[in-house]
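What follows is final38.cif (mmCIF, C-alpha atoms).
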```cif
data_upload
#
loop_
_atom_site.label_atom_id
_atom_site.label_comp_id
_atom_site.auth_asym_id
_atom_site.auth_seq_id
_atom_site.Cartn_x
_atom_site.Cartn_y
_atom_site.Cartn_z
CA MET A 1 -192.25 118.63 -132.52
CA ALA A 2 -192.02 119.00 -136.31
CA THR A 3 -189.14 121.26 -137.43
CA PRO A 4 -188.90 122.70 -140.94
CA VAL A 5 -185.56 122.84 -142.76
CA ILE A 6 -185.14 126.02 -144.79
CA MET A 7 -183.00 126.76 -147.82
CA PRO A 8 -179.99 128.62 -146.35
CA LYS A 9 -179.08 132.09 -147.60
CA GLN A 10 -175.52 131.87 -148.91
CA GLY A 11 -174.38 135.47 -149.19
CA GLN A 12 -176.25 138.74 -149.30
CA THR A 13 -177.00 138.66 -153.04
CA VAL A 14 -178.24 135.08 -153.47
CA GLU A 15 -182.03 134.91 -153.93
CA SER A 16 -182.52 131.23 -154.78
CA CYS A 17 -180.66 127.92 -154.99
CA ILE A 18 -181.15 124.70 -156.92
CA ILE A 19 -181.38 121.33 -155.15
CA THR A 20 -178.90 119.01 -156.85
CA LYS A 21 -179.26 115.83 -154.78
CA TRP A 22 -181.28 114.40 -151.93
CA HIS A 23 -179.26 112.15 -149.61
CA LYS A 24 -182.31 111.14 -147.57
CA LYS A 25 -185.79 110.18 -148.71
CA LYS A 26 -189.19 110.66 -147.16
CA GLY A 27 -189.65 108.38 -144.16
CA ASP A 28 -185.93 107.97 -143.42
CA LYS A 29 -184.67 108.30 -139.86
CA VAL A 30 -182.40 111.33 -139.44
CA GLU A 31 -179.73 112.08 -136.85
CA VAL A 32 -178.10 115.41 -136.09
CA GLY A 33 -175.27 115.92 -138.57
CA ASP A 34 -176.71 113.61 -141.24
CA LEU A 35 -176.44 114.93 -144.79
CA LEU A 36 -179.93 115.90 -146.00
CA PHE A 37 -179.43 117.45 -149.44
CA SER A 38 -176.93 119.23 -151.68
CA TYR A 39 -177.66 122.51 -153.43
CA GLU A 40 -175.90 125.09 -155.55
CA THR A 41 -175.90 128.76 -156.41
CA ASP A 42 -174.62 130.05 -159.75
CA LYS A 43 -171.09 129.99 -158.32
CA ALA A 44 -170.75 127.35 -155.61
CA SER A 45 -172.21 124.13 -154.22
CA PHE A 46 -173.08 123.29 -150.61
CA ASP A 47 -174.38 120.50 -148.38
CA GLU A 48 -177.10 120.89 -145.77
CA GLU A 49 -176.91 118.78 -142.61
CA ALA A 50 -179.70 117.94 -140.20
CA LYS A 51 -179.75 120.07 -137.07
CA VAL A 52 -182.38 117.96 -135.29
CA SER A 53 -183.07 114.24 -135.01
CA GLY A 54 -186.27 112.52 -136.07
CA VAL A 55 -187.95 111.25 -139.22
CA LEU A 56 -187.94 113.04 -142.57
CA LEU A 57 -191.70 113.53 -142.68
CA ASP A 58 -191.99 115.30 -146.02
CA ILE A 59 -189.95 116.77 -148.89
CA PHE A 60 -191.38 119.87 -150.57
CA PHE A 61 -188.96 120.26 -153.50
CA GLU A 62 -187.35 117.66 -155.74
CA GLU A 63 -183.90 117.49 -157.33
CA GLY A 64 -183.47 120.16 -160.00
CA GLU A 65 -186.03 122.53 -158.52
CA GLU A 66 -185.15 126.16 -157.86
CA VAL A 67 -185.95 127.14 -154.27
CA PRO A 68 -186.05 130.72 -152.93
CA VAL A 69 -183.75 131.22 -149.94
CA LEU A 70 -185.30 130.94 -146.48
CA THR A 71 -188.09 128.76 -147.92
CA ASN A 72 -189.05 125.47 -146.24
CA VAL A 73 -187.44 122.59 -148.14
CA CYS A 74 -188.47 119.65 -145.95
CA VAL A 75 -189.64 118.91 -142.41
CA ILE A 76 -188.25 116.64 -139.68
CA GLY A 77 -190.33 115.37 -136.75
CA GLU A 78 -192.11 112.36 -135.31
CA PRO A 79 -194.44 110.07 -137.30
CA GLY A 80 -198.04 111.29 -137.37
CA GLU A 81 -197.28 115.01 -136.94
CA ASP A 82 -199.06 117.48 -139.21
CA VAL A 83 -196.69 118.93 -141.84
CA LEU A 84 -199.18 120.63 -144.16
CA LYS A 85 -198.70 124.02 -142.52
CA PHE A 86 -194.98 123.90 -143.38
CA ASN A 87 -195.49 123.21 -147.09
CA PRO A 88 -194.85 126.43 -149.08
CA LYS A 89 -196.74 125.01 -152.05
CA THR A 90 -200.04 125.05 -150.16
CA PHE A 91 -200.19 128.69 -151.25
CA LEU A 92 -201.22 127.53 -154.71
CA GLU A 93 -204.20 125.60 -153.37
CA ASP A 94 -205.25 128.61 -151.30
CA GLN A 95 -205.12 130.75 -154.43
CA LYS A 96 -207.30 128.26 -156.32
CA ASP A 97 -209.93 128.35 -153.58
CA HIS A 98 -209.78 132.13 -153.53
CA ILE A 99 -210.31 132.37 -157.28
CA SER A 100 -213.18 129.86 -157.14
CA HIS A 101 -215.02 132.12 -154.72
CA LEU A 102 -214.35 135.07 -156.99
CA GLN A 103 -215.72 133.22 -159.98
CA THR A 104 -219.04 132.56 -158.28
CA ALA A 105 -219.28 136.15 -157.08
CA GLU A 106 -218.42 137.79 -160.41
CA GLN A 107 -220.92 138.26 -163.19
CA ASP A 108 -219.84 136.04 -166.09
CA VAL A 109 -219.08 137.76 -169.35
CA PRO A 110 -221.24 136.39 -172.19
CA MET A 111 -219.49 133.81 -174.37
CA GLU A 112 -220.12 135.88 -177.49
CA THR A 113 -218.29 138.81 -175.90
CA GLN A 114 -215.37 136.58 -174.86
CA THR A 115 -214.99 135.25 -178.39
CA GLU A 116 -215.13 138.71 -179.88
CA ILE A 117 -212.50 139.98 -177.46
CA SER A 118 -210.17 137.02 -178.14
CA LYS A 119 -210.23 137.72 -181.87
CA HIS A 120 -208.85 141.22 -181.37
CA TYR A 121 -206.40 140.33 -178.58
CA SER A 122 -202.71 139.88 -179.42
CA PRO A 123 -200.51 138.66 -176.53
CA ILE A 124 -197.32 139.62 -178.36
CA GLU A 125 -197.90 142.86 -180.25
CA GLY A 126 -201.03 144.35 -178.69
CA LYS A 127 -201.22 146.42 -175.55
CA ILE A 128 -202.13 144.08 -172.74
CA LYS A 129 -204.82 145.12 -170.27
CA ILE A 130 -204.57 143.34 -166.94
CA SER A 131 -205.97 144.06 -163.50
CA PRO A 132 -203.44 144.67 -160.70
CA ARG A 133 -204.76 141.64 -158.79
CA ALA A 134 -204.37 139.41 -161.83
CA LYS A 135 -200.84 140.66 -162.46
CA ASN A 136 -199.89 140.02 -158.86
CA LEU A 137 -201.31 136.50 -159.05
CA ALA A 138 -199.38 135.83 -162.28
CA GLU A 139 -196.16 136.84 -160.54
CA LYS A 140 -196.85 134.50 -157.63
CA LEU A 141 -197.82 131.56 -159.85
CA ASN A 142 -194.95 132.12 -162.32
CA VAL A 143 -197.17 132.24 -165.38
CA ASP A 144 -196.72 134.64 -168.31
CA PHE A 145 -199.91 136.68 -168.52
CA ARG A 146 -199.22 137.40 -172.22
CA PHE A 147 -200.70 134.00 -172.99
CA ALA A 148 -203.84 134.39 -170.90
CA LYS A 149 -207.24 134.63 -172.60
CA PRO A 150 -208.97 137.79 -171.29
CA SER A 151 -212.53 137.52 -170.10
CA GLY A 152 -212.87 140.81 -168.24
CA PRO A 153 -214.49 144.03 -169.45
CA ASP A 154 -212.82 145.69 -172.48
CA GLY A 155 -210.45 142.76 -173.02
CA ARG A 156 -208.92 142.97 -169.56
CA ILE A 157 -207.18 139.96 -168.02
CA ILE A 158 -208.62 139.21 -164.58
CA GLU A 159 -207.72 136.74 -161.86
CA ARG A 160 -209.78 133.81 -163.15
CA ASP A 161 -207.96 134.08 -166.51
CA ILE A 162 -204.64 133.69 -164.73
CA LEU A 163 -205.92 130.66 -162.83
CA LYS A 164 -207.11 129.04 -166.06
CA LEU A 165 -203.70 129.72 -167.59
CA PHE A 166 -202.02 128.17 -164.57
CA GLU A 167 -204.17 125.05 -164.85
CA SER A 168 -203.87 124.50 -168.59
CA GLY A 169 -201.27 126.85 -170.04
CA PRO A 170 -197.50 127.32 -169.75
CA VAL A 171 -196.08 127.62 -166.23
CA PHE A 172 -192.47 128.75 -165.83
CA THR A 173 -189.81 128.49 -163.18
CA SER A 174 -188.87 131.89 -161.75
CA ALA A 175 -185.55 131.84 -163.61
CA ALA A 176 -187.19 130.96 -166.94
CA LYS A 177 -189.94 133.54 -166.77
CA GLN A 178 -187.79 136.46 -167.95
CA GLU A 179 -186.17 134.49 -170.78
CA ALA A 180 -189.62 133.32 -171.92
CA LYS A 181 -190.35 136.83 -173.19
CA GLU A 182 -188.15 136.00 -176.20
CA ILE A 183 -190.43 133.08 -177.14
CA GLU A 184 -193.53 133.87 -179.20
CA ASP A 185 -194.81 130.31 -179.69
CA VAL A 186 -194.90 128.44 -176.37
CA GLU A 187 -196.18 125.35 -178.14
CA VAL A 188 -192.60 124.58 -179.23
CA LEU A 189 -191.51 124.29 -175.61
CA ASP A 190 -191.26 120.82 -174.07
CA PRO A 191 -191.45 121.28 -170.27
CA THR A 192 -188.95 119.24 -168.25
CA GLY A 193 -189.40 120.94 -164.88
CA ILE A 194 -191.23 119.66 -161.85
CA GLY A 195 -195.00 119.70 -162.29
CA GLY A 196 -194.72 120.41 -166.02
CA ARG A 197 -192.94 123.71 -165.52
CA ILE A 198 -190.92 125.29 -168.31
CA THR A 199 -187.27 125.78 -167.33
CA THR A 200 -184.46 127.90 -168.77
CA PHE A 201 -183.09 124.70 -170.30
CA ASP A 202 -186.36 124.17 -172.20
CA ILE A 203 -186.21 127.70 -173.60
CA GLU A 204 -182.57 127.44 -174.69
CA ARG A 205 -183.21 124.03 -176.23
CA ALA A 206 -186.14 125.42 -178.24
CA LYS A 207 -183.98 128.25 -179.54
CA GLN A 208 -181.19 125.88 -180.58
CA GLU A 209 -183.55 123.36 -182.19
CA SER A 210 -185.17 126.14 -184.18
CA TYR A 211 -181.77 127.32 -185.40
CA VAL A 212 -180.53 123.82 -186.29
CA SER A 213 -183.80 123.01 -188.07
CA LYS A 214 -183.53 126.12 -190.24
CA THR A 215 -179.86 125.36 -190.98
CA SER A 216 -180.66 121.78 -191.98
CA GLU A 217 -183.50 122.84 -194.26
CA SER A 218 -181.39 125.48 -195.99
CA SER A 219 -178.42 123.12 -196.56
CA GLY A 220 -180.48 120.03 -197.36
CA GLN A 221 -178.31 117.95 -195.00
CA ASN A 222 -178.85 116.07 -191.76
CA VAL A 223 -176.98 117.78 -188.93
CA GLU A 224 -175.67 115.57 -186.12
CA TYR A 225 -175.24 117.25 -182.77
CA GLU A 226 -175.39 116.75 -179.02
CA ASP A 227 -177.45 118.96 -176.71
CA VAL A 228 -175.75 119.69 -173.40
CA PRO A 229 -177.52 122.14 -171.06
CA LEU A 230 -175.40 124.96 -169.71
CA SER A 231 -174.44 124.84 -166.05
CA ASN A 232 -175.57 127.67 -163.80
CA ILE A 233 -172.06 129.06 -163.53
CA ARG A 234 -171.62 129.00 -167.33
CA LYS A 235 -174.87 130.94 -167.71
CA ALA A 236 -173.69 133.48 -165.15
CA ILE A 237 -170.33 133.89 -166.90
CA ALA A 238 -172.00 134.27 -170.29
CA LYS A 239 -174.35 136.98 -169.06
CA ALA A 240 -171.55 138.82 -167.25
CA MET A 241 -169.25 138.79 -170.30
CA TYR A 242 -172.00 139.95 -172.63
CA LEU A 243 -172.96 142.73 -170.23
CA SER A 244 -169.33 143.78 -169.93
CA LEU A 245 -168.68 144.00 -173.66
CA THR A 246 -171.95 145.76 -174.47
CA THR A 247 -172.03 148.36 -171.70
CA THR A 248 -168.41 149.54 -171.40
CA ALA A 249 -165.80 151.20 -173.62
CA GLN A 250 -162.92 148.73 -173.36
CA LEU A 251 -159.38 149.31 -174.54
CA THR A 252 -156.29 147.19 -173.86
CA LEU A 253 -152.66 148.31 -173.50
CA HIS A 254 -149.77 145.83 -173.61
CA THR A 255 -146.28 146.03 -172.13
CA SER A 256 -143.68 143.74 -170.59
CA PHE A 257 -141.10 143.88 -167.81
CA ASP A 258 -137.78 142.27 -167.01
CA ALA A 259 -138.71 139.49 -164.59
CA SER A 260 -135.12 138.69 -163.57
CA LYS A 261 -135.42 139.95 -159.98
CA VAL A 262 -138.86 138.40 -159.50
CA LEU A 263 -137.54 135.02 -160.64
CA GLU A 264 -134.47 135.40 -158.44
CA PHE A 265 -136.67 136.13 -155.43
CA ARG A 266 -138.92 133.17 -156.26
CA LYS A 267 -135.87 130.89 -156.44
CA LYS A 268 -134.63 132.02 -153.01
CA VAL A 269 -138.07 131.43 -151.50
CA LYS A 270 -138.17 127.87 -152.83
CA GLU A 271 -134.70 127.14 -151.50
CA ASN A 272 -135.39 128.51 -148.00
CA ARG A 273 -139.12 128.00 -147.60
CA GLU A 274 -139.04 125.07 -145.19
CA LYS A 275 -136.07 126.39 -143.23
CA LEU A 276 -137.63 129.81 -142.67
CA GLY A 277 -141.25 128.68 -142.53
CA LEU A 278 -142.23 130.78 -145.55
CA GLU A 279 -145.34 130.44 -147.69
CA ASP A 280 -144.85 128.87 -151.11
CA ILE A 281 -144.94 132.28 -152.77
CA THR A 282 -145.73 132.07 -156.49
CA ILE A 283 -145.07 134.55 -159.26
CA ASN A 284 -148.79 135.30 -159.29
CA ASP A 285 -148.62 136.15 -155.58
CA VAL A 286 -145.84 138.60 -156.38
CA ILE A 287 -147.99 140.23 -159.08
CA LEU A 288 -150.94 140.55 -156.69
CA PHE A 289 -148.69 142.09 -154.06
CA ALA A 290 -147.19 144.58 -156.52
CA VAL A 291 -150.59 145.57 -157.96
CA SER A 292 -151.94 146.19 -154.45
CA ARG A 293 -149.07 148.63 -153.80
CA VAL A 294 -149.39 150.52 -157.08
CA LEU A 295 -153.19 150.88 -157.26
CA PRO A 296 -153.56 153.38 -154.37
CA LYS A 297 -151.54 155.84 -156.45
CA HIS A 298 -153.92 155.39 -159.40
CA LYS A 299 -157.40 155.88 -157.96
CA LEU A 300 -159.04 155.91 -161.40
CA LEU A 301 -158.27 152.19 -161.65
CA ASN A 302 -159.15 151.40 -158.05
CA SER A 303 -162.72 152.49 -158.54
CA HIS A 304 -166.19 151.67 -159.83
CA PHE A 305 -167.82 153.49 -162.74
CA LEU A 306 -171.47 154.01 -161.77
CA ASP A 307 -172.86 155.70 -164.89
CA ASP A 308 -173.27 159.19 -163.45
CA LYS A 309 -170.53 159.07 -160.83
CA MET A 310 -167.20 157.49 -159.89
CA ARG A 311 -166.71 155.62 -156.64
CA TYR A 312 -163.11 155.74 -155.44
CA PHE A 313 -161.95 153.21 -152.84
CA LYS A 314 -159.49 153.96 -150.08
CA ASN A 315 -158.25 150.37 -149.92
CA VAL A 316 -157.58 147.78 -152.62
CA HIS A 317 -159.98 144.85 -152.77
CA LEU A 318 -158.21 142.67 -155.30
CA GLY A 319 -160.03 140.03 -157.32
CA PHE A 320 -158.09 137.30 -159.12
CA ALA A 321 -159.32 134.76 -161.65
CA VAL A 322 -159.34 131.07 -160.71
CA ASP A 323 -159.85 128.29 -163.26
CA THR A 324 -162.09 125.51 -161.89
CA GLU A 325 -163.87 122.49 -163.34
CA ARG A 326 -167.18 124.34 -162.95
CA GLY A 327 -165.93 127.47 -164.70
CA LEU A 328 -164.15 130.74 -163.98
CA MET A 329 -164.41 132.17 -160.47
CA VAL A 330 -163.03 135.47 -159.18
CA PRO A 331 -162.56 135.55 -155.39
CA THR A 332 -161.55 138.76 -153.63
CA ILE A 333 -158.69 139.52 -151.24
CA PHE A 334 -160.12 142.41 -149.25
CA ASN A 335 -157.83 145.23 -148.04
CA CYS A 336 -155.02 143.65 -150.04
CA ASN A 337 -152.86 146.79 -149.79
CA GLN A 338 -152.69 146.36 -146.01
CA LYS A 339 -151.43 142.76 -146.14
CA SER A 340 -147.91 141.40 -146.45
CA LEU A 341 -146.76 139.25 -149.36
CA SER A 342 -146.88 136.17 -147.14
CA GLN A 343 -150.44 136.97 -146.01
CA ILE A 344 -151.58 137.54 -149.59
CA SER A 345 -150.02 134.26 -150.69
CA LYS A 346 -151.69 132.32 -147.89
CA GLU A 347 -155.12 133.89 -148.41
CA ALA A 348 -154.94 133.41 -152.18
CA LYS A 349 -154.28 129.69 -151.75
CA GLU A 350 -157.17 129.34 -149.31
CA LEU A 351 -159.54 131.08 -151.73
CA ILE A 352 -158.32 128.96 -154.64
CA GLY A 353 -158.98 125.81 -152.61
CA LEU A 354 -162.55 126.91 -151.79
CA CYS A 355 -163.20 127.76 -155.44
CA LYS A 356 -161.98 124.39 -156.69
CA LYS A 357 -164.09 122.58 -154.09
CA GLY A 358 -167.08 124.71 -155.04
CA THR A 359 -167.77 125.67 -151.43
CA ILE A 360 -166.74 129.31 -151.47
CA SER A 361 -169.19 131.83 -150.01
CA PRO A 362 -170.79 134.05 -152.68
CA ASP A 363 -169.81 137.07 -150.55
CA LEU A 364 -166.14 136.30 -151.31
CA LEU A 365 -166.86 136.49 -155.04
CA LYS A 366 -168.06 140.10 -154.81
CA GLY A 367 -166.71 143.51 -153.91
CA ALA A 368 -163.47 143.63 -155.90
CA THR A 369 -162.18 147.03 -157.02
CA PHE A 370 -159.70 145.61 -159.56
CA THR A 371 -158.99 142.17 -161.03
CA VAL A 372 -155.91 140.20 -162.05
CA THR A 373 -156.13 137.25 -164.45
CA ASN A 374 -153.10 135.09 -165.25
CA LEU A 375 -152.80 132.93 -168.37
CA GLY A 376 -149.02 132.68 -168.22
CA SER A 377 -149.05 128.99 -167.27
CA PHE A 378 -150.80 128.24 -170.59
CA GLY A 379 -148.02 129.86 -172.61
CA ILE A 380 -150.13 132.86 -173.65
CA GLU A 381 -147.93 135.77 -174.71
CA SER A 382 -150.67 138.38 -175.07
CA PHE A 383 -154.45 138.56 -174.65
CA THR A 384 -157.32 140.96 -174.04
CA PRO A 385 -158.88 140.54 -170.58
CA VAL A 386 -162.57 141.43 -170.29
CA LEU A 387 -163.64 143.95 -167.67
CA ASN A 388 -165.74 142.97 -164.68
CA PRO A 389 -168.11 145.97 -164.37
CA PRO A 390 -168.39 148.25 -162.53
CA GLN A 391 -164.60 147.88 -162.13
CA THR A 392 -162.60 150.16 -164.40
CA GLY A 393 -159.58 147.91 -164.95
CA ILE A 394 -158.36 144.33 -165.21
CA LEU A 395 -154.75 143.20 -165.58
CA GLY A 396 -153.81 140.20 -167.69
CA VAL A 397 -150.54 138.42 -166.84
CA ASN A 398 -148.77 136.57 -169.66
CA THR A 399 -146.07 133.94 -169.96
CA ILE A 400 -142.32 134.60 -169.76
CA VAL A 401 -140.40 134.75 -173.03
CA GLN A 402 -136.71 135.37 -173.67
CA ARG A 403 -136.04 138.69 -175.39
CA PRO A 404 -132.82 140.37 -176.47
CA LYS A 405 -131.57 143.71 -175.22
CA GLU A 406 -128.33 145.66 -175.53
CA GLU A 407 -126.23 146.05 -172.41
CA ASP A 408 -122.70 147.51 -172.34
CA GLY A 409 -122.41 147.12 -176.09
CA HIS A 410 -123.44 143.47 -176.02
CA ILE A 411 -126.68 141.69 -176.85
CA LYS A 412 -128.06 139.60 -173.99
CA PHE A 413 -131.35 137.84 -173.39
CA TYR A 414 -133.61 138.47 -170.45
CA PRO A 415 -136.89 136.90 -169.20
CA ALA A 416 -139.72 139.23 -170.26
CA MET A 417 -143.20 138.84 -168.74
CA GLY A 418 -146.10 140.44 -170.57
CA LEU A 419 -148.80 142.57 -168.95
CA SER A 420 -152.12 143.40 -170.64
CA LEU A 421 -154.27 146.08 -169.05
CA THR A 422 -157.88 146.48 -170.15
CA PHE A 423 -159.56 149.65 -168.88
CA ASP A 424 -162.89 151.43 -169.27
CA HIS A 425 -162.26 154.43 -171.47
CA ARG A 426 -165.37 156.11 -170.05
CA ALA A 427 -163.65 156.32 -166.66
CA LEU A 428 -160.06 157.14 -167.62
CA ASP A 429 -157.88 158.01 -170.58
CA GLY A 430 -155.11 156.02 -172.23
CA ALA A 431 -152.42 158.11 -170.58
CA ASP A 432 -153.82 157.31 -167.12
CA ALA A 433 -153.74 153.59 -167.88
CA ALA A 434 -150.25 153.86 -169.37
CA ARG A 435 -148.93 155.58 -166.23
CA PHE A 436 -150.26 152.71 -164.11
CA LEU A 437 -148.50 150.14 -166.30
CA LYS A 438 -145.29 152.17 -166.23
CA ASP A 439 -145.27 152.34 -162.42
CA LEU A 440 -146.13 148.65 -162.10
CA LYS A 441 -143.37 147.71 -164.52
CA GLU A 442 -140.76 149.75 -162.64
CA LEU A 443 -141.84 148.28 -159.33
CA LEU A 444 -141.66 144.67 -160.57
CA GLU A 445 -138.26 145.23 -162.17
CA ASN A 446 -137.03 146.48 -158.78
CA PHE A 447 -138.90 143.99 -156.67
CA ASP A 448 -136.11 143.78 -154.08
CA LEU A 449 -136.62 147.47 -153.30
CA LEU A 450 -140.39 146.99 -153.01
CA LEU A 451 -139.85 144.50 -150.18
CA ALA A 452 -137.86 147.10 -148.29
CA LEU A 453 -140.77 149.54 -148.17
#
```
Write out the structure in this file as structure tokens.
Amino acid sequence: MATPVIMPKQGQTVESCIITKWHKKKGDKVEVGDLLFSYETDKASFDEEAKVSGVLLDIFFEEGEEVPVLTNVCVIGEPGEDVLKFNPKTFLEDQKDHISHLQTAEQDVPMETQTEISKHYSPIEGKIKISPRAKNLAEKLNVDFRFAKPSGPDGRIIERDILKLFESGPVFTSAAKQEAKEIEDVEVLDPTGIGGRITTFDIERAKQESYVSKTSESSGQNVEYEDVPLSNIRKAIAKAMYLSLTTTAQLTLHTSFDASKVLEFRKKVKENREKLGLEDITINDVILFAVSRVLPKHKLLNSHFLDDKMRYFKNVHLGFAVDTERGLMVPTIFNCNQKSLSQISKEAKELIGLCKKGTISPDLLKGATFTVTNLGSFGIESFTPVLNPPQTGILGVNTIVQRPKEEDGHIKFYPAMGLSLTFDHRALDGADAARFLKDLKELLENFDLLLAL
């Protein structure tokens, strides 16, 4: 019996995935557990294994195609079985047949009228008239109805116009369709997608080529460059950062604390870790632990700003930035304030491992109420972290530097670690943020007492 293989749904917020590699080809024999294909979301990559044995009868999507979750990707069965009913792309053929019947049933608009309408129709500036059925068909076929030639009454776009556009005009991937609204001349686009579809890469390339061309003409010089398409995760990061900086009122406060006791604790852990069976607790683990204990006393920073209301959380769901080859990821330690230092350290390492492998569940990259990002290992003494909306705060952790201070009439040096807190000034005032930093500083400088709580 033929069995379809669907695109898995990785997390509650993932709507589609991109197939990155097929490990089997049509006609190959497949056993349970065999690797069928690899795919990725904007944050992680996954492998799909066969759950039934048989022959790979058909493949419905190629490498590089974007596939909605829970959509049939391929079908496994015995030679000779009918697989047409499993193919999600048969919808397009059904639509063509449907429109053909409509065309014969409708009264054709005279050619003179069509020409007259086209002269006065502007797909960019004019108000577009389109029937609900035609608009719905355009959505399903992923075509931009702005470029359709209307043949309906009073310059209205009808279904047959959408079908003609689908057959001869620009067809977009679902991801590219929104970005295509920034393009006025689709003739400059060179489709690279499956079936001649225009992808987000094609749109970005057209924008860059237009810019470089104008720059070259104005300078009178040949510009040498290399085009490298952005990865999905880079696109996601770019959009998130732009959204953050354009929709929030960000302000950063800087301070530092005496890290002597934290370093002393870290040294004792390293010396006794194997003997006592302790986790390899890092300085970053200590920061996460301390933040999780201070945040409940500062609910304005353990919250989400939701435009017309504040959402305060009873527990701390702590996100922390992880640098990976694919880009920045921010996994979440849920209910961090209820976990011990050792538990936080262990969970943080597990999440870091999943991020670096690219196999972390998208659900673990959501839901944080506050974020910590650490650039101390790069020698950064101060920086401005960028908020992750709707969170109201993010703490930057800096490197340790030796600073002088007076003690008993003498000047001595101590290890100072910098802290940079960015907060959303719409949600809280500078004094509120300063009080949080003050409490965190005092707690870290008396870390031995914190462990006794």
So that each row is one residue of segment 209-287 of chain A with an atom at most 9 Å from segment 429-444 of chain A, can you give its shortest atom pair and the distance in Å to one decimal, using all atoms listed in the file, rows by chain and rising number, as JSON lines?
```
{"residue": "A:Leu251", "atom": "CA", "partner": "A:Gly430", "partner_atom": "CA", "distance": 8.3}
{"residue": "A:Leu253", "atom": "CA", "partner": "A:Ala434", "partner_atom": "CA", "distance": 7.3}
{"residue": "A:His254", "atom": "CA", "partner": "A:Leu437", "partner_atom": "CA", "distance": 8.6}
{"residue": "A:Thr255", "atom": "CA", "partner": "A:Leu437", "partner_atom": "CA", "distance": 7.5}
{"residue": "A:Ser256", "atom": "CA", "partner": "A:Lys441", "partner_atom": "CA", "distance": 7.3}
{"residue": "A:Phe257", "atom": "CA", "partner": "A:Lys441", "partner_atom": "CA", "distance": 5.5}
{"residue": "A:Asp258", "atom": "CA", "partner": "A:Leu444", "partner_atom": "CA", "distance": 7.9}
{"residue": "A:Ala259", "atom": "CA", "partner": "A:Leu444", "partner_atom": "CA", "distance": 7.2}
{"residue": "A:Lys261", "atom": "CA", "partner": "A:Leu444", "partner_atom": "CA", "distance": 7.8}
{"residue": "A:Val262", "atom": "CA", "partner": "A:Leu444", "partner_atom": "CA", "distance": 6.9}
{"residue": "A:Val286", "atom": "CA", "partner": "A:Leu444", "partner_atom": "CA", "distance": 8.5}
{"residue": "A:Ile287", "atom": "CA", "partner": "A:Leu444", "partner_atom": "CA", "distance": 7.9}
```
My list of candidates is A:Leu300, A:Leu451, A:Leu288, A:Leu163. Which is closest to Lys140 of chain A when distances are computed with only C-alpha atoms? A:Leu163
Expected selection from the PyMOL selection byres ((chain A and resi 285) around 10), given as a ChimeraX atom specification: /A:280-284,286-291,341-349
May I ask for the distance between atom CA of His304 of chain A and atom CA of Ser292 of chain A, given in Å to one decimal place? 16.2 Å
Run the PyMOL selection byres ((chain A and resi 235) around 12) against the file shown and list the residues it catches, as number ranges by chain. A: 41-43, 175, 200-201, 204, 229-234, 236-242, 326-328
Selection above as a file: C-alpha atoms, as a PDB file, in the coordinates of the input:
```pdb
ATOM      1  CA  THR A  41    -175.900 128.760-156.410  1.00  0.00           C
ATOM      2  CA  ASP A  42    -174.620 130.050-159.750  1.00  0.00           C
ATOM      3  CA  LYS A  43    -171.090 129.990-158.320  1.00  0.00           C
ATOM      4  CA  ALA A 175    -185.550 131.840-163.610  1.00  0.00           C
ATOM      5  CA  THR A 200    -184.460 127.900-168.770  1.00  0.00           C
ATOM      6  CA  PHE A 201    -183.090 124.700-170.300  1.00  0.00           C
ATOM      7  CA  GLU A 204    -182.570 127.440-174.690  1.00  0.00           C
ATOM      8  CA  PRO A 229    -177.520 122.140-171.060  1.00  0.00           C
ATOM      9  CA  LEU A 230    -175.400 124.960-169.710  1.00  0.00           C
ATOM     10  CA  SER A 231    -174.440 124.840-166.050  1.00  0.00           C
ATOM     11  CA  ASN A 232    -175.570 127.670-163.800  1.00  0.00           C
ATOM     12  CA  ILE A 233    -172.060 129.060-163.530  1.00  0.00           C
ATOM     13  CA  ARG A 234    -171.620 129.000-167.330  1.00  0.00           C
ATOM     14  CA  ALA A 236    -173.690 133.480-165.150  1.00  0.00           C
ATOM     15  CA  ILE A 237    -170.330 133.890-166.900  1.00  0.00           C
ATOM     16  CA  ALA A 238    -172.000 134.270-170.290  1.00  0.00           C
ATOM     17  CA  LYS A 239    -174.350 136.980-169.060  1.00  0.00           C
ATOM     18  CA  ALA A 240    -171.550 138.820-167.250  1.00  0.00           C
ATOM     19  CA  MET A 241    -169.250 138.790-170.300  1.00  0.00           C
ATOM     20  CA  TYR A 242    -172.000 139.950-172.630  1.00  0.00           C
ATOM     21  CA  ARG A 326    -167.180 124.340-162.950  1.00  0.00           C
ATOM     22  CA  GLY A 327    -165.930 127.470-164.700  1.00  0.00           C
ATOM     23  CA  LEU A 328    -164.150 130.740-163.980  1.00  0.00           C
TER      24      LEU A 328
END
```
Considering only C-alpha atoms, return as a count of residues only whatever protein or nucleic-acid residues lie within 10 Å of Pro362 of chain A, sequence-local ones (same chain, fewer than 5 positions apart) excluded. 11
Tell me which residues come within 8 Å of (-173.1, 120.1, -144.1), as a VMD selection string, counting all atoms listed in the file in the file's coordinates. chain A and resid 33 to 35 46 to 50
Output file for the selection above: C-alpha atoms, as a PDB file, keeping the file's coordinate frame:
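Dumped everything to again-v9.pdb:
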```pdb
ATOM      1  CA  GLY A  33    -175.270 115.920-138.570  1.00  0.00           C
ATOM      2  CA  ASP A  34    -176.710 113.610-141.240  1.00  0.00           C
ATOM      3  CA  LEU A  35    -176.440 114.930-144.790  1.00  0.00           C
ATOM      4  CA  PHE A  46    -173.080 123.290-150.610  1.00  0.00           C
ATOM      5  CA  ASP A  47    -174.380 120.500-148.380  1.00  0.00           C
ATOM      6  CA  GLU A  48    -177.100 120.890-145.770  1.00  0.00           C
ATOM      7  CA  GLU A  49    -176.910 118.780-142.610  1.00  0.00           C
ATOM      8  CA  ALA A  50    -179.700 117.940-140.200  1.00  0.00           C
TER       9      ALA A  50
END
```
